[in-house]
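Dumped my_file.pdb below, it's PDB, C-alpha atoms, pLDDT in the B column:
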ATOM      1  CA  MET I  48     -15.010 -24.304  38.259  1.00 50.00           C
ATOM      2  CA  SER I  49     -18.268 -22.390  37.878  1.00 63.00           C
ATOM      3  CA  GLN I  50     -21.533 -24.166  37.065  1.00 74.00           C
ATOM      4  CA  LEU I  51     -21.722 -21.683  34.198  1.00 75.00           C
ATOM      5  CA  THR I  52     -19.436 -23.858  32.072  1.00 79.00           C
ATOM      6  CA  LYS I  53     -22.055 -26.661  32.100  1.00 82.00           C
ATOM      7  CA  LEU I  54     -25.005 -24.493  31.041  1.00 88.00           C
ATOM      8  CA  LYS I  55     -26.324 -24.559  27.490  1.00 89.00           C
ATOM      9  CA  LYS I  56     -29.297 -22.369  28.407  1.00 93.00           C
ATOM     10  CA  TYR I  57     -29.342 -19.296  30.659  1.00 94.00           C
ATOM     11  CA  CYS I  58     -30.776 -15.801  31.018  1.00 95.00           C
ATOM     12  CA  ILE I  59     -28.810 -12.551  31.127  1.00 93.00           C
ATOM     13  CA  ARG I  60     -30.617  -9.905  33.171  1.00 92.00           C
ATOM     14  CA  ARG I  61     -29.340  -6.337  33.266  1.00 85.00           C
ATOM     15  CA  LYS I  62     -30.703  -3.738  35.644  1.00 74.00           C
ATOM     16  CA  ARG I  63     -31.461  -0.421  33.976  1.00 62.00           C
ATOM     17  CA  LEU I  64     -30.871   1.514  37.196  1.00 62.00           C
ATOM     18  CA  ALA I  65     -28.115   0.397  39.557  1.00 60.00           C
ATOM     19  CA  LEU I  66     -26.444   2.505  42.239  1.00 60.00           C
ATOM     20  CA  ALA I  67     -23.152   0.601  42.093  1.00 61.00           C
ATOM     21  CA  GLY I  68     -22.848   0.960  38.327  1.00 66.00           C
ATOM     22  CA  PRO I  69     -23.996  -1.280  35.487  1.00 74.00           C
ATOM     23  CA  THR I  70     -24.621  -4.812  36.781  1.00 85.00           C
ATOM     24  CA  THR I  71     -25.625  -7.964  34.964  1.00 90.00           C
ATOM     25  CA  TYR I  72     -26.974 -11.201  36.444  1.00 93.00           C
ATOM     26  CA  ILE I  73     -26.611 -14.532  34.685  1.00 94.00           C
ATOM     27  CA  LEU I  74     -29.353 -16.942  35.783  1.00 94.00           C
ATOM     28  CA  ASP I  75     -29.596 -20.690  35.178  1.00 93.00           C
ATOM     29  CA  PRO I  76     -32.869 -22.218  33.864  1.00 93.00           C
ATOM     30  CA  LYS I  77     -34.211 -22.497  37.447  1.00 93.00           C
ATOM     31  CA  GLY I  78     -33.609 -18.781  38.073  1.00 91.00           C
ATOM     32  CA  SER I  79     -30.600 -19.264  40.375  1.00 93.00           C
ATOM     33  CA  LEU I  80     -27.573 -17.005  40.069  1.00 93.00           C
ATOM     34  CA  ALA I  81     -24.851 -18.609  37.907  1.00 93.00           C
ATOM     35  CA  ALA I  82     -22.626 -15.523  37.529  1.00 93.00           C
ATOM     36  CA  PHE I  83     -22.586 -11.778  38.138  1.00 92.00           C
ATOM     37  CA  SER I  84     -20.834  -9.009  36.224  1.00 90.00           C
ATOM     38  CA  GLN I  85     -20.024  -5.411  36.934  1.00 82.00           C
ATOM     39  CA  HIS I  86     -18.212  -2.706  34.991  1.00 75.00           C
ATOM     40  CA  LYS I  87     -14.901  -1.708  36.530  1.00 67.00           C
ATOM     41  CA  SER I  88     -13.612   1.815  36.281  1.00 54.00           C
ATOM     42  CA  SER I  89     -10.469   2.137  34.213  1.00 56.00           C
ATOM     43  CA  ALA I  90      -8.236   4.858  32.872  1.00 54.00           C
ATOM     44  CA  GLY I  91      -9.187   6.664  29.690  1.00 53.00           C
ATOM     45  CA  TRP I  92     -11.919   5.444  27.387  1.00 60.00           C
ATOM     46  CA  LYS I  93     -11.268   1.748  27.933  1.00 70.00           C
ATOM     47  CA  GLN I  94     -13.920  -0.340  29.656  1.00 79.00           C
ATOM     48  CA  THR I  95     -13.388  -3.473  31.681  1.00 86.00           C
ATOM     49  CA  ILE I  96     -16.211  -5.770  32.694  1.00 90.00           C
ATOM     50  CA  ALA I  97     -15.409  -8.310  35.389  1.00 91.00           C
ATOM     51  CA  VAL I  98     -17.494 -11.482  35.597  1.00 93.00           C
ATOM     52  CA  TYR I  99     -17.709 -13.139  39.020  1.00 93.00           C
ATOM     53  CA  SER I 100     -19.122 -16.438  40.264  1.00 91.00           C
ATOM     54  CA  ASP I 101     -21.537 -14.507  42.544  1.00 90.00           C
ATOM     55  CA  GLU I 102     -22.314 -11.079  44.017  1.00 90.00           C
ATOM     56  CA  SER I 103     -19.660 -11.403  46.749  1.00 91.00           C
ATOM     57  CA  LYS I 104     -17.052 -10.867  43.969  1.00 90.00           C
ATOM     58  CA  ARG I 105     -14.589 -13.239  45.657  1.00 92.00           C
ATOM     59  CA  GLU I 106     -13.994 -15.385  42.575  1.00 93.00           C
ATOM     60  CA  THR I 107     -13.380 -13.703  39.222  1.00 93.00           C
ATOM     61  CA  LEU I 108     -14.251 -16.011  36.334  1.00 93.00           C
ATOM     62  CA  PHE I 109     -13.039 -13.845  33.451  1.00 94.00           C
ATOM     63  CA  LEU I 110     -12.655 -10.270  32.202  1.00 94.00           C
ATOM     64  CA  ILE I 111     -13.965  -8.445  29.132  1.00 93.00           C
ATOM     65  CA  CYS I 112     -11.430  -5.739  28.244  1.00 91.00           C
ATOM     66  CA  GLN I 113     -11.962  -3.116  25.575  1.00 88.00           C
ATOM     67  CA  LYS I 114      -9.046  -2.791  23.187  1.00 85.00           C
ATOM     68  CA  ASN I 115      -7.692   0.435  21.716  1.00 69.00           C
ATOM     69  CA  ASN I 116     -10.309   1.074  19.074  1.00 69.00           C
ATOM     70  CA  VAL I 117      -9.665   3.199  16.024  1.00 67.00           C
ATOM     71  CA  GLY I 118     -12.423   3.482  13.444  1.00 67.00           C
ATOM     72  CA  PRO I 119     -16.026   2.298  13.561  1.00 71.00           C
ATOM     73  CA  ASP I 120     -15.380  -1.187  15.013  1.00 78.00           C
ATOM     74  CA  PHE I 121     -15.215  -1.888  18.745  1.00 84.00           C
ATOM     75  CA  SER I 122     -13.150  -4.878  19.908  1.00 89.00           C
ATOM     76  CA  TYR I 123     -13.048  -6.594  23.280  1.00 92.00           C
ATOM     77  CA  ASP I 124     -10.664  -9.262  24.509  1.00 94.00           C
ATOM     78  CA  VAL I 125     -12.183 -11.971  26.677  1.00 95.00           C
ATOM     79  CA  MET I 126      -9.415 -12.744  29.171  1.00 95.00           C
ATOM     80  CA  ASP I 127      -8.905 -15.255  31.933  1.00 94.00           C
ATOM     81  CA  ALA I 128      -9.264 -14.141  35.565  1.00 92.00           C
ATOM     82  CA  SER I 129      -5.590 -13.114  35.767  1.00 89.00           C
ATOM     83  CA  GLY I 130      -5.984 -10.785  32.775  1.00 87.00           C
ATOM     84  CA  GLU I 131      -2.901 -12.328  31.155  1.00 90.00           C
ATOM     85  CA  ASN I 132      -4.357 -14.827  28.644  1.00 94.00           C
ATOM     86  CA  VAL I 133      -6.758 -13.947  25.842  1.00 95.00           C
ATOM     87  CA  LEU I 134      -9.503 -16.581  25.457  1.00 95.00           C
ATOM     88  CA  GLY I 135     -11.174 -14.926  22.471  1.00 95.00           C
ATOM     89  CA  THR I 136     -12.013 -11.590  20.867  1.00 95.00           C
ATOM     90  CA  VAL I 137     -15.424 -10.060  20.183  1.00 94.00           C
ATOM     91  CA  THR I 138     -15.660  -7.245  17.622  1.00 90.00           C
ATOM     92  CA  LYS I 139     -18.787  -5.193  16.994  1.00 85.00           C
ATOM     93  CA  LYS I 140     -18.765  -4.245  13.328  1.00 82.00           C
ATOM     94  CA  GLY I 141     -19.632  -0.535  13.422  1.00 73.00           C
ATOM     95  CA  VAL I 142     -20.675   0.091   9.821  1.00 72.00           C
ATOM     96  CA  LYS I 143     -22.621  -3.179   9.449  1.00 70.00           C
ATOM     97  CA  SER I 144     -24.207  -2.714  12.900  1.00 70.00           C
ATOM     98  CA  ALA I 145     -25.670   0.628  11.859  1.00 73.00           C
ATOM     99  CA  VAL I 146     -28.284  -1.353   9.944  1.00 73.00           C
ATOM    100  CA  GLN I 147     -28.118  -4.852  11.451  1.00 81.00           C
ATOM    101  CA  THR I 148     -26.203  -5.701  14.633  1.00 84.00           C
ATOM    102  CA  THR I 149     -23.187  -7.789  13.609  1.00 86.00           C
ATOM    103  CA  LEU I 150     -20.453  -9.114  15.872  1.00 89.00           C
ATOM    104  CA  GLU I 151     -17.445 -11.190  14.922  1.00 93.00           C
ATOM    105  CA  VAL I 152     -15.979 -13.662  17.409  1.00 95.00           C
ATOM    106  CA  GLU I 153     -12.426 -14.979  17.109  1.00 95.00           C
ATOM    107  CA  TYR I 154     -11.991 -18.138  19.169  1.00 95.00           C
ATOM    108  CA  ASN I 155      -9.389 -20.895  18.880  1.00 91.00           C
ATOM    109  CA  GLY I 156      -8.363 -19.796  15.388  1.00 92.00           C
ATOM    110  CA  ASP I 157     -11.966 -19.868  14.094  1.00 94.00           C
ATOM    111  CA  THR I 158     -14.280 -16.983  13.231  1.00 95.00           C
ATOM    112  CA  TYR I 159     -17.934 -16.934  14.269  1.00 95.00           C
ATOM    113  CA  LEU I 160     -20.625 -14.357  13.476  1.00 93.00           C
ATOM    114  CA  ILE I 161     -23.475 -13.034  15.586  1.00 92.00           C
ATOM    115  CA  LYS I 162     -26.169 -11.429  13.435  1.00 90.00           C
ATOM    116  CA  GLU I 163     -29.463  -9.796  14.251  1.00 88.00           C
ATOM    117  CA  ASP I 164     -32.469 -11.788  13.009  1.00 86.00           C
ATOM    118  CA  SER I 165     -33.429  -9.772   9.921  1.00 81.00           C
ATOM    119  CA  ALA I 166     -31.885  -6.775   8.182  1.00 80.00           C
ATOM    120  CA  LEU I 167     -35.326  -5.286   7.490  1.00 79.00           C
ATOM    121  CA  LEU I 168     -36.589  -5.717  11.076  1.00 80.00           C
ATOM    122  CA  ALA I 169     -33.275  -4.414  12.426  1.00 80.00           C
ATOM    123  CA  PHE I 170     -33.473  -1.331  10.211  1.00 76.00           C
ATOM    124  CA  LEU I 171     -37.086  -0.608  11.238  1.00 77.00           C
ATOM    125  CA  ARG I 172     -36.252  -1.086  14.962  1.00 77.00           C
ATOM    126  CA  ARG I 173     -33.695   1.711  14.738  1.00 75.00           C
ATOM    127  CA  TYR I 174     -36.105   4.320  13.412  1.00 74.00           C
ATOM    128  CA  ASN I 175     -38.954   4.460  15.961  1.00 67.00           C
ATOM    129  CA  SER I 176     -41.187   2.196  13.961  1.00 67.00           C
ATOM    130  CA  PRO I 177     -43.813   0.132  15.842  1.00 74.00           C
ATOM    131  CA  ILE I 178     -41.540  -2.774  14.849  1.00 70.00           C
ATOM    132  CA  ALA I 179     -39.197  -1.523  17.605  1.00 70.00           C
ATOM    133  CA  LEU I 180     -41.539  -3.277  20.053  1.00 75.00           C
ATOM    134  CA  ILE I 181     -40.622  -6.667  18.551  1.00 80.00           C
ATOM    135  CA  PRO I 182     -37.565  -7.849  20.521  1.00 84.00           C
ATOM    136  CA  PRO I 183     -34.521  -8.781  18.431  1.00 87.00           C
ATOM    137  CA  LYS I 184     -33.020 -12.236  18.119  1.00 91.00           C
ATOM    138  CA  TYR I 185     -29.342 -12.834  17.363  1.00 92.00           C
ATOM    139  CA  LYS I 186     -27.907 -15.993  15.797  1.00 93.00           C
ATOM    140  CA  LEU I 187     -24.454 -17.384  16.612  1.00 95.00           C
ATOM    141  CA  LEU I 188     -23.196 -18.728  13.283  1.00 94.00           C
ATOM    142  CA  LYS I 189     -20.252 -20.754  12.015  1.00 93.00           C
ATOM    143  CA  GLY I 190     -20.701 -20.497   8.271  1.00 91.00           C
ATOM    144  CA  ASN I 191     -24.390 -21.308   7.760  1.00 91.00           C
ATOM    145  CA  LYS I 192     -24.631 -23.507  10.872  1.00 94.00           C
ATOM    146  CA  ILE I 193     -26.526 -22.033  13.846  1.00 93.00           C
ATOM    147  CA  LEU I 194     -24.607 -22.749  17.076  1.00 94.00           C
ATOM    148  CA  GLY I 195     -26.785 -20.665  19.382  1.00 94.00           C
ATOM    149  CA  ILE I 196     -29.517 -18.077  19.752  1.00 95.00           C
ATOM    150  CA  TYR I 197     -29.555 -14.896  21.863  1.00 94.00           C
ATOM    151  CA  LYS I 198     -33.161 -13.749  22.194  1.00 94.00           C
ATOM    152  CA  LYS I 199     -34.253 -10.534  23.908  1.00 90.00           C
ATOM    153  CA  ARG I 200     -37.415 -10.691  25.996  1.00 87.00           C
ATOM    154  CA  PHE I 201     -39.551  -7.633  26.614  1.00 79.00           C
ATOM    155  CA  TYR I 202     -39.601  -6.479  30.259  1.00 77.00           C
ATOM    156  CA  PRO I 203     -40.273  -2.794  31.004  1.00 72.00           C
ATOM    157  CA  PHE I 204     -37.720  -2.185  33.786  1.00 73.00           C
ATOM    158  CA  GLN I 205     -34.893  -4.531  32.945  1.00 79.00           C
ATOM    159  CA  TYR I 206     -33.113  -6.006  29.961  1.00 85.00           C
ATOM    160  CA  ARG I 207     -33.435  -9.788  29.558  1.00 91.00           C
ATOM    161  CA  LEU I 208     -31.603 -11.872  27.008  1.00 93.00           C
ATOM    162  CA  GLU I 209     -32.230 -15.623  26.835  1.00 94.00           C
ATOM    163  CA  VAL I 210     -29.317 -17.678  25.556  1.00 95.00           C
ATOM    164  CA  GLN I 211     -29.577 -21.156  24.053  1.00 94.00           C
ATOM    165  CA  LEU I 212     -26.326 -22.769  22.887  1.00 93.00           C
ATOM    166  CA  ASN I 213     -26.309 -25.798  20.606  1.00 89.00           C
ATOM    167  CA  LYS I 214     -22.566 -26.368  20.943  1.00 75.00           C
ATOM    168  CA  GLN I 215     -21.164 -27.397  24.321  1.00 73.00           C
ATOM    169  CA  GLY I 216     -17.528 -26.454  24.700  1.00 75.00           C
ATOM    170  CA  ASP I 217     -14.851 -26.022  27.319  1.00 84.00           C
ATOM    171  CA  ALA I 218     -14.753 -23.258  29.948  1.00 87.00           C
ATOM    172  CA  ALA I 219     -13.128 -20.795  27.522  1.00 91.00           C
ATOM    173  CA  TRP I 220     -15.939 -21.306  24.962  1.00 92.00           C
ATOM    174  CA  SER I 221     -18.550 -20.810  27.715  1.00 91.00           C
ATOM    175  CA  TYR I 222     -16.887 -17.563  28.784  1.00 93.00           C
ATOM    176  CA  VAL I 223     -16.560 -16.208  25.237  1.00 94.00           C
ATOM    177  CA  THR I 224     -20.222 -16.939  24.389  1.00 94.00           C
ATOM    178  CA  LEU I 225     -21.327 -15.376  27.681  1.00 93.00           C
ATOM    179  CA  ALA I 226     -19.168 -12.308  26.927  1.00 93.00           C
ATOM    180  CA  VAL I 227     -21.110 -11.904  23.660  1.00 94.00           C
ATOM    181  CA  GLY I 228     -24.389 -11.828  25.622  1.00 93.00           C
ATOM    182  CA  ILE I 229     -23.045  -9.368  28.196  1.00 91.00           C
ATOM    183  CA  LEU I 230     -21.822  -7.056  25.418  1.00 90.00           C
ATOM    184  CA  LEU I 231     -25.168  -7.310  23.590  1.00 89.00           C
ATOM    185  CA  ALA I 232     -26.926  -6.388  26.846  1.00 86.00           C
ATOM    186  CA  ALA I 233     -24.496  -3.520  27.549  1.00 81.00           C
ATOM    187  CA  THR I 234     -24.808  -1.966  24.099  1.00 75.00           C
ATOM    188  CA  ALA I 235     -28.586  -2.463  23.985  1.00 68.00           C
ATOM    189  CA  ALA I 236     -28.988  -0.731  27.346  1.00 53.00           C
ATOM    190  CA  GLN I 237     -27.220   2.347  25.977  1.00 51.00           C
ATOM    191  CA  GLY I 238     -29.596   2.819  23.066  1.00 46.00           C
ATOM    192  CA  PRO I 239     -33.163   4.114  23.503  1.00 40.00           C
ATOM    193  CA  LYS I 240     -34.784   1.493  21.275  1.00 38.00           C
ATOM    194  CA  ARG I 241     -32.840  -1.643  22.229  1.00 36.00           C
TER     195      ARG I 241
END
For this file, produce the structure as structure tokens.
Amino acid sequence: MSQLTKLKKYCIRRKRLALAGPTTYILDPKGSLAAFSQHKSSAGWKQTIAVYSDESKRETLFLICQKNNVGPDFSYDVMDASGENVLGTVTKKGVKSAVQTTLEVEYNGDTYLIKEDSALLAFLRRYNSPIALIPPKYKLLKGNKILGIYKKRFYPFQYRLEVQLNKQGDAAWSYVTLAVGILLAATAAQGPKR
């Protein structure tokens, strides 16, 4: 079992330039590597992101697999290492995210939301305003209760997202909440202002 399942606080660091393809490092509070992820090539438009216990890639912890997406929403299944069991689903709401990043997480029969800090700040960040220099913060919500915070930190040559979870869960919950952070980092790295 990975130490990742015990962490309530960690940092997701994504290199902007990587020769081996997009890579993401998950660091514990002391700065030690807790997990490593890398995009896998797959047929068609589907993406698969494999998350490993370390850079040797000997132990796969879980997979993030893009579903067949039709329409403005993009959905990803968070699957166990075998790729046979779905642990949860993360959906980026396309229309809502045009103004304010919104993700919906389905886990264990419950629905959770991840929302960007403020609709006004989010809107201004998207249109080359000086506000774009203020890093976004995302809240993990169950109803009105905040279960965690994903907060981007400004670093010029790499993307950093600090994660603080208020709810400790089992391994599946840890993997689903980490998948949210990896997907936030992946989509932010694609856009010029995020």
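Of the listed residues (I:Lys184, I:Lys114, I:Lys56, I:Arg200), I:Lys56 comes nearest to Leu225 of chain I; the distances count all atoms listed in the file.
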Margin query: When the PyMOL selection byres ((chain I and resi 94) around 6) is applied to the structure above, which residues does it catch, written out as a ChimeraX atom specification?
Written below: /I:93,95,113
Item checked: Pick from I:Phe83, I:Tyr197, I:Tyr154, I:Tyr174 nearest to Lys55 of chain I, counting only C-alpha atoms -> I:Tyr197
Note to self: For the provided coordinates, the residues matched by the PyMOL selection byres ((chain I and resi 192) around 12) should be stated as a ChimeraX atom specification.
What the structure shows: /I:159-161,186-191,193-196,213-214
Check: Selected by the PyMOL selection byres ((chain I and resi 152) around 9) in the shown coordinates: which residues, as a list in words?
Finding: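 Selected by the PyMOL selection byres ((chain I and resi 152) around 9) here: Gly135, Thr136, Val137, Thr138, Lys139, Leu150, Glu151, Glu153, Tyr154, Asp157, Thr158, Tyr159, Leu160, Ile161, Val223, Thr224 and Val227 of chain I.
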Margin query: Using Å and a single decimal, report how far atom CA of Leu108 of chain I sits from atom CA of Asp127 of chain I.
Written below: 7.0 Å
Check: In Å, with one decimal, what is the gap from atom CA of Arg61 of chain I to atom CA of Thr107 of chain I?
Finding: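 Taking atom CA of Arg61 of chain I as the start and atom CA of Thr107 of chain I as the end point, the length is 18.6 Å.
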Margin query: So the first atom is atom CA of Pro183 of chain I and the second is atom CA of Leu212 of chain I; what is the distance between them in Å, to one decimal place?
Written below: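 Separation of atom CA of Pro183 of chain I and atom CA of Leu212 of chain I: 16.8 Å.
Each of I:Leu167, I:Ala232, I:Ala226, I:Val142 was compared to Ala179 of chain I using only C-alpha atoms, and I:Leu167 turns out to be the nearest.
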Next item on the list: Write out as an MDAnalysis selection string each polymer residue whose atoms come within 9 Å of Thr52 of chain I, counting all atoms listed in the file; drop sequence neighbours fewer than 4 positions from it.
Entry: chainID I and resid 48 215:222
Could you take the residues named above and write them with C-alpha atoms, as a short mmCIF file (atom, residue, chain, number, x, y, z; two decimals), keeping the file's coordinate frame?
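This went into result08.cif:
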data_model
loop_
_atom_site.label_atom_id
_atom_site.label_comp_id
_atom_site.auth_asym_id
_atom_site.auth_seq_id
_atom_site.Cartn_x
_atom_site.Cartn_y
_atom_site.Cartn_z
CA MET I 48 -15.01 -24.30 38.26
CA GLN I 215 -21.16 -27.40 24.32
CA GLY I 216 -17.53 -26.45 24.70
CA ASP I 217 -14.85 -26.02 27.32
CA ALA I 218 -14.75 -23.26 29.95
CA ALA I 219 -13.13 -20.80 27.52
CA TRP I 220 -15.94 -21.31 24.96
CA SER I 221 -18.55 -20.81 27.72
CA TYR I 222 -16.89 -17.56 28.78
#
Item checked: Residue list as a ChimeraX atom specification for point (-15.1, -14.0, 41.4), cut-off 12 Å, all atoms listed in the file -> /I:48-49,81-85,97-110,127-129
Take the selection from the previous step and output its residues with C-alpha atoms, as a PDB file, in the frame of the given file.
ATOM      1  CA  MET I  48     -15.010 -24.304  38.259  1.00 50.00           C
ATOM      2  CA  SER I  49     -18.268 -22.390  37.878  1.00 63.00           C
ATOM      3  CA  ALA I  81     -24.851 -18.609  37.907  1.00 93.00           C
ATOM      4  CA  ALA I  82     -22.626 -15.523  37.529  1.00 93.00           C
ATOM      5  CA  PHE I  83     -22.586 -11.778  38.138  1.00 92.00           C
ATOM      6  CA  SER I  84     -20.834  -9.009  36.224  1.00 90.00           C
ATOM      7  CA  GLN I  85     -20.024  -5.411  36.934  1.00 82.00           C
ATOM      8  CA  ALA I  97     -15.409  -8.310  35.389  1.00 91.00           C
ATOM      9  CA  VAL I  98     -17.494 -11.482  35.597  1.00 93.00           C
ATOM     10  CA  TYR I  99     -17.709 -13.139  39.020  1.00 93.00           C
ATOM     11  CA  SER I 100     -19.122 -16.438  40.264  1.00 91.00           C
ATOM     12  CA  ASP I 101     -21.537 -14.507  42.544  1.00 90.00           C
ATOM     13  CA  GLU I 102     -22.314 -11.079  44.017  1.00 90.00           C
ATOM     14  CA  SER I 103     -19.660 -11.403  46.749  1.00 91.00           C
ATOM     15  CA  LYS I 104     -17.052 -10.867  43.969  1.00 90.00           C
ATOM     16  CA  ARG I 105     -14.589 -13.239  45.657  1.00 92.00           C
ATOM     17  CA  GLU I 106     -13.994 -15.385  42.575  1.00 93.00           C
ATOM     18  CA  THR I 107     -13.380 -13.703  39.222  1.00 93.00           C
ATOM     19  CA  LEU I 108     -14.251 -16.011  36.334  1.00 93.00           C
ATOM     20  CA  PHE I 109     -13.039 -13.845  33.451  1.00 94.00           C
ATOM     21  CA  LEU I 110     -12.655 -10.270  32.202  1.00 94.00           C
ATOM     22  CA  ASP I 127      -8.905 -15.255  31.933  1.00 94.00           C
ATOM     23  CA  ALA I 128      -9.264 -14.141  35.565  1.00 92.00           C
ATOM     24  CA  SER I 129      -5.590 -13.114  35.767  1.00 89.00           C
TER      25      SER I 129
END
Checklist line | Surrounding residues of segment 143-146 of chain I excluding itself and chain neighbours under 6 positions, 12 Å, all atoms listed in the file, as JSON, numbers by chain | finding: {"I": [119, 120, 121, 161, 162, 163, 164, 165, 166, 167, 168, 169, 170, 171, 172, 173, 174, 231, 234, 235]}
Write out the residues from the selection above, keeping C-alpha atoms, as an mmCIF file, keeping the file's coordinate frame.
data_model
loop_
_atom_site.group_PDB
_atom_site.id
_atom_site.type_symbol
_atom_site.label_atom_id
_atom_site.label_comp_id
_atom_site.auth_asym_id
_atom_site.auth_seq_id
_atom_site.Cartn_x
_atom_site.Cartn_y
_atom_site.Cartn_z
ATOM 1 C CA PRO I 119 -16.026 2.298 13.561
ATOM 2 C CA ASP I 120 -15.380 -1.187 15.013
ATOM 3 C CA PHE I 121 -15.215 -1.888 18.745
ATOM 4 C CA ILE I 161 -23.475 -13.034 15.586
ATOM 5 C CA LYS I 162 -26.169 -11.429 13.435
ATOM 6 C CA GLU I 163 -29.463 -9.796 14.251
ATOM 7 C CA ASP I 164 -32.469 -11.788 13.009
ATOM 8 C CA SER I 165 -33.429 -9.772 9.921
ATOM 9 C CA ALA I 166 -31.885 -6.775 8.182
ATOM 10 C CA LEU I 167 -35.326 -5.286 7.490
ATOM 11 C CA LEU I 168 -36.589 -5.717 11.076
ATOM 12 C CA ALA I 169 -33.275 -4.414 12.426
ATOM 13 C CA PHE I 170 -33.473 -1.331 10.211
ATOM 14 C CA LEU I 171 -37.086 -0.608 11.238
ATOM 15 C CA ARG I 172 -36.252 -1.086 14.962
ATOM 16 C CA ARG I 173 -33.695 1.711 14.738
ATOM 17 C CA TYR I 174 -36.105 4.320 13.412
ATOM 18 C CA LEU I 231 -25.168 -7.310 23.590
ATOM 19 C CA THR I 234 -24.808 -1.966 24.099
ATOM 20 C CA ALA I 235 -28.586 -2.463 23.985
#
Check: From the list I:Leu180, I:Leu208, I:Leu74, I:Val133, which residue is nearest Gln50 of chain I when using all atoms listed in the file?
Finding: I:Leu74
